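In what follows, a single structure is set out as structure tokens and then discussed.
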Amino acid sequence: PAVATPAEAAAYRQAQRDVVALARAALVEWWRDLNVADPRAAVAALEAFMPDLVAAYGDVAATVAADWYDALRGQAGVSGPYRARLAESLPAEQVRASARWAAGPLFDRDPDGERALQLMAQAVQRLVQQRGRDTMTRNARSDPSRPRWMRVPHGRTCAFCLMLASRGPVYLSAQTAGAWNRYHDACDCQPMPHWPGQDVPYDPDALYSDYLAAREVAGSDTRAIL
């Protein structure tokens, strides 16, 4: 059996997109009253507002992920009781740092704040979805059934994500930190647990063949391979 049918995986991705859409709508509504003509004051306001926004909608993203983890575990027929738990909220300073970065254009040729708002919306997408992704990998680590996990690509995917996806369901606790669990703005990939005997919902072998072909040309340097 597959970990999830394509329709189920698509429904989960859409649920996470819907959470992001609500968070972005709340950002745009709040932004209307922001005085972008005073960049320093605007940054201070963003640093105060963004952690609460990301925490609120991150909770929803994490809840969606926990519910889906439980559903996948049930479909896998895993024995033994376990209930998925939500990942911790992102550190407020991490969110504030993203807000400062996104607000950078306010100090240079962005009098209407349009570019800054665009970057802020991208940051909201990444930060809100991170709670859902962290919830998925946290439970893969703590579940007594010890599933592995994989990065499932979707749509037009960057070379870095394709490289990670080409490994298939190999990731355990040692790989959940650092670059292996990073996601860029606008990334639509999702981590997914995998139990023995299940099919993989994409073709990692084909991706790995592409990786090997690139390595044949580029050598061992990861940047050159990507």
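Just so we're on the same page: first chain in the structure tokens is A, next is B, and so on; residues restart at 1 for each chain, and ligands are numbered from 1 in the order they show up.
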
Subject >> Surrounding residues of region 191-204 of chain A excluding itself and chain neighbours under 3 positions, 8 Å, only C-alpha atoms, as a PyMOL selection string >> reply: chain A and resi 1-6+69+72+76+133+136-137+140+146-153+165-169+207-208

File dump, residues just selected, N, CA and C atoms, as a PDB file, in the first residue's frame:
```pdb
ATOM      1  N   PRO A   1       0.835  -1.209   0.000  1.00  0.00           N
ATOM      2  CA  PRO A   1       0.000   0.000   0.000  1.00  0.00           C
ATOM      3  C   PRO A   1       0.866   1.254   0.000  1.00  0.00           C
ATOM      4  N   ALA A   2       0.349   2.329  -0.566  1.00  0.00           N
ATOM      5  CA  ALA A   2       1.070   3.597  -0.582  1.00  0.00           C
ATOM      6  C   ALA A   2       0.927   4.300   0.754  1.00  0.00           C
ATOM      7  N   VAL A   3       1.874   5.191   1.063  1.00  0.00           N
ATOM      8  CA  VAL A   3       1.759   6.018   2.256  1.00  0.00           C
ATOM      9  C   VAL A   3       0.480   6.823   2.200  1.00  0.00           C
ATOM     10  N   ALA A   4       0.216   7.421   1.058  1.00  0.00           N
ATOM     11  CA  ALA A   4      -1.007   8.184   0.839  1.00  0.00           C
ATOM     12  C   ALA A   4      -1.294   8.179  -0.651  1.00  0.00           C
ATOM     13  N   THR A   5      -2.556   8.222  -1.004  1.00  0.00           N
ATOM     14  CA  THR A   5      -2.898   8.331  -2.414  1.00  0.00           C
ATOM     15  C   THR A   5      -2.555   9.732  -2.901  1.00  0.00           C
ATOM     16  N   PRO A   6      -2.378   9.907  -4.208  1.00  0.00           N
ATOM     17  CA  PRO A   6      -2.135  11.261  -4.715  1.00  0.00           C
ATOM     18  C   PRO A   6      -3.219  12.247  -4.301  1.00  0.00           C
ATOM     19  N   TYR A  69      -0.798  13.039  10.303  1.00  0.00           N
ATOM     20  CA  TYR A  69       0.134  12.010  10.751  1.00  0.00           C
ATOM     21  C   TYR A  69      -0.642  10.841  11.360  1.00  0.00           C
ATOM     22  N   LEU A  72      -2.270   8.837   8.598  1.00  0.00           N
ATOM     23  CA  LEU A  72      -1.304   8.010   7.869  1.00  0.00           C
ATOM     24  C   LEU A  72      -0.875   6.806   8.699  1.00  0.00           C
ATOM     25  N   ALA A  76      -1.400   2.809   7.816  1.00  0.00           N
ATOM     26  CA  ALA A  76      -0.265   1.882   7.774  1.00  0.00           C
ATOM     27  C   ALA A  76      -0.494   0.651   8.648  1.00  0.00           C
ATOM     28  N   ARG A 133       5.546  21.253   9.122  1.00  0.00           N
ATOM     29  CA  ARG A 133       6.642  20.350   8.751  1.00  0.00           C
ATOM     30  C   ARG A 133       7.372  19.838   9.986  1.00  0.00           C
ATOM     31  N   MET A 136       5.408  17.098  11.615  1.00  0.00           N
ATOM     32  CA  MET A 136       5.525  15.815  10.934  1.00  0.00           C
ATOM     33  C   MET A 136       6.841  15.121  11.290  1.00  0.00           C
ATOM     34  N   THR A 137       7.954  15.830  11.244  1.00  0.00           N
ATOM     35  CA  THR A 137       9.239  15.196  11.512  1.00  0.00           C
ATOM     36  C   THR A 137       9.433  14.920  13.002  1.00  0.00           C
ATOM     37  N   ALA A 140       7.689  11.677  13.598  1.00  0.00           N
ATOM     38  CA  ALA A 140       8.452  10.568  13.023  1.00  0.00           C
ATOM     39  C   ALA A 140       9.617  10.189  13.924  1.00  0.00           C
ATOM     40  N   ARG A 146       8.994   4.016  14.983  1.00  0.00           N
ATOM     41  CA  ARG A 146      10.222   4.419  14.300  1.00  0.00           C
ATOM     42  C   ARG A 146      10.083   4.472  12.773  1.00  0.00           C
ATOM     43  N   PRO A 147       9.139   5.216  12.250  1.00  0.00           N
ATOM     44  CA  PRO A 147       9.094   5.359  10.791  1.00  0.00           C
ATOM     45  C   PRO A 147      10.261   6.199  10.298  1.00  0.00           C
ATOM     46  N   ARG A 148      10.624   5.997   9.075  1.00  0.00           N
ATOM     47  CA  ARG A 148      11.520   6.940   8.422  1.00  0.00           C
ATOM     48  C   ARG A 148      10.669   8.039   7.804  1.00  0.00           C
ATOM     49  N   TRP A 149      11.331   9.055   7.260  1.00  0.00           N
ATOM     50  CA  TRP A 149      10.549  10.082   6.576  1.00  0.00           C
ATOM     51  C   TRP A 149      11.271  10.528   5.328  1.00  0.00           C
ATOM     52  N   MET A 150      10.514  11.152   4.456  1.00  0.00           N
ATOM     53  CA  MET A 150      11.037  11.574   3.157  1.00  0.00           C
ATOM     54  C   MET A 150      10.502  12.966   2.846  1.00  0.00           C
ATOM     55  N   ARG A 151      11.170  13.639   1.940  1.00  0.00           N
ATOM     56  CA  ARG A 151      10.674  14.924   1.445  1.00  0.00           C
ATOM     57  C   ARG A 151       9.969  14.660   0.115  1.00  0.00           C
ATOM     58  N   VAL A 152       8.669  14.884   0.097  1.00  0.00           N
ATOM     59  CA  VAL A 152       7.869  14.597  -1.094  1.00  0.00           C
ATOM     60  C   VAL A 152       7.766  15.866  -1.939  1.00  0.00           C
ATOM     61  N   PRO A 153       8.309  15.842  -3.162  1.00  0.00           N
ATOM     62  CA  PRO A 153       8.272  17.042  -4.007  1.00  0.00           C
ATOM     63  C   PRO A 153       6.908  17.222  -4.641  1.00  0.00           C
ATOM     64  N   ALA A 165      14.761  14.799  -2.060  1.00  0.00           N
ATOM     65  CA  ALA A 165      13.694  13.852  -2.374  1.00  0.00           C
ATOM     66  C   ALA A 165      14.246  12.588  -3.027  1.00  0.00           C
ATOM     67  N   SER A 166      15.369  12.710  -3.738  1.00  0.00           N
ATOM     68  CA  SER A 166      15.935  11.550  -4.430  1.00  0.00           C
ATOM     69  C   SER A 166      16.419  10.478  -3.469  1.00  0.00           C
ATOM     70  N   ARG A 167      16.615  10.844  -2.203  1.00  0.00           N
ATOM     71  CA  ARG A 167      17.060   9.850  -1.222  1.00  0.00           C
ATOM     72  C   ARG A 167      15.932   8.900  -0.830  1.00  0.00           C
ATOM     73  N   GLY A 168      14.684   9.311  -1.056  1.00  0.00           N
ATOM     74  CA  GLY A 168      13.554   8.477  -0.650  1.00  0.00           C
ATOM     75  C   GLY A 168      13.368   8.496   0.852  1.00  0.00           C
ATOM     76  N   PRO A 169      12.697   7.481   1.395  1.00  0.00           N
ATOM     77  CA  PRO A 169      12.407   7.453   2.841  1.00  0.00           C
ATOM     78  C   PRO A 169      13.590   6.948   3.653  1.00  0.00           C
ATOM     79  N   LEU A 207      14.726  10.422  -9.712  1.00  0.00           N
ATOM     80  CA  LEU A 207      15.401  11.632  -9.241  1.00  0.00           C
ATOM     81  C   LEU A 207      16.859  11.335  -8.904  1.00  0.00           C
ATOM     82  N   TYR A 208      17.105  10.172  -8.321  1.00  0.00           N
ATOM     83  CA  TYR A 208      18.477   9.827  -7.962  1.00  0.00           C
ATOM     84  C   TYR A 208      19.326   9.603  -9.216  1.00  0.00           C
TER      85      TYR A 208
END
```

**OP:** Might you pull out every residue within 10 Å of Ser79 (chain A), with only C-alpha atoms counted and same-chain residues fewer than 6 positions away left off, and present them as number ranges by chain?
**Re:** A: 73, 144-145

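Of note, CA of Val95 (chain A) and CA of Val124 (chain A) are spaced 8.9 Å apart.
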
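In this model, the gap between CA of Arg96 (chain A) and CA of Ala61 (chain A) comes to 19.4 Å.
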
Subject >> Residues within 8 Å of Leu90 (chain A), only C-alpha atoms, excluding chain neighbours under 6 positions, as a PyMOL selection string >> reply: chain A and resi 55+127+131

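For region 39-41 of chain A, the residues within 6 Å (counting only C-alpha atoms, excluding itself and residues fewer than 3 positions away along the chain) are A:Val36, A:Ala44, A:Leu106.
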
Take the residues from that selection and put them in a file with N, CA, C and O atoms, as a PDB file, in the first residue's frame.
```
ATOM      1  N   VAL A  36       4.492  53.045   6.230  1.00  0.00           N
ATOM      2  CA  VAL A  36       5.735  52.610   5.589  1.00  0.00           C
ATOM      3  C   VAL A  36       6.653  53.784   5.285  1.00  0.00           C
ATOM      4  O   VAL A  36       7.817  53.579   4.928  1.00  0.00           O
ATOM      5  N   ALA A  44       9.779  48.203  13.735  1.00  0.00           N
ATOM      6  CA  ALA A  44       9.440  47.949  15.137  1.00  0.00           C
ATOM      7  C   ALA A  44       8.031  47.362  15.253  1.00  0.00           C
ATOM      8  O   ALA A  44       7.794  46.428  16.040  1.00  0.00           O
ATOM      9  N   LEU A 106      12.032  48.804   2.507  1.00  0.00           N
ATOM     10  CA  LEU A 106      11.455  50.064   2.984  1.00  0.00           C
ATOM     11  C   LEU A 106      12.519  51.149   3.116  1.00  0.00           C
ATOM     12  O   LEU A 106      12.211  52.338   3.045  1.00  0.00           O
TER      13      LEU A 106
END
```
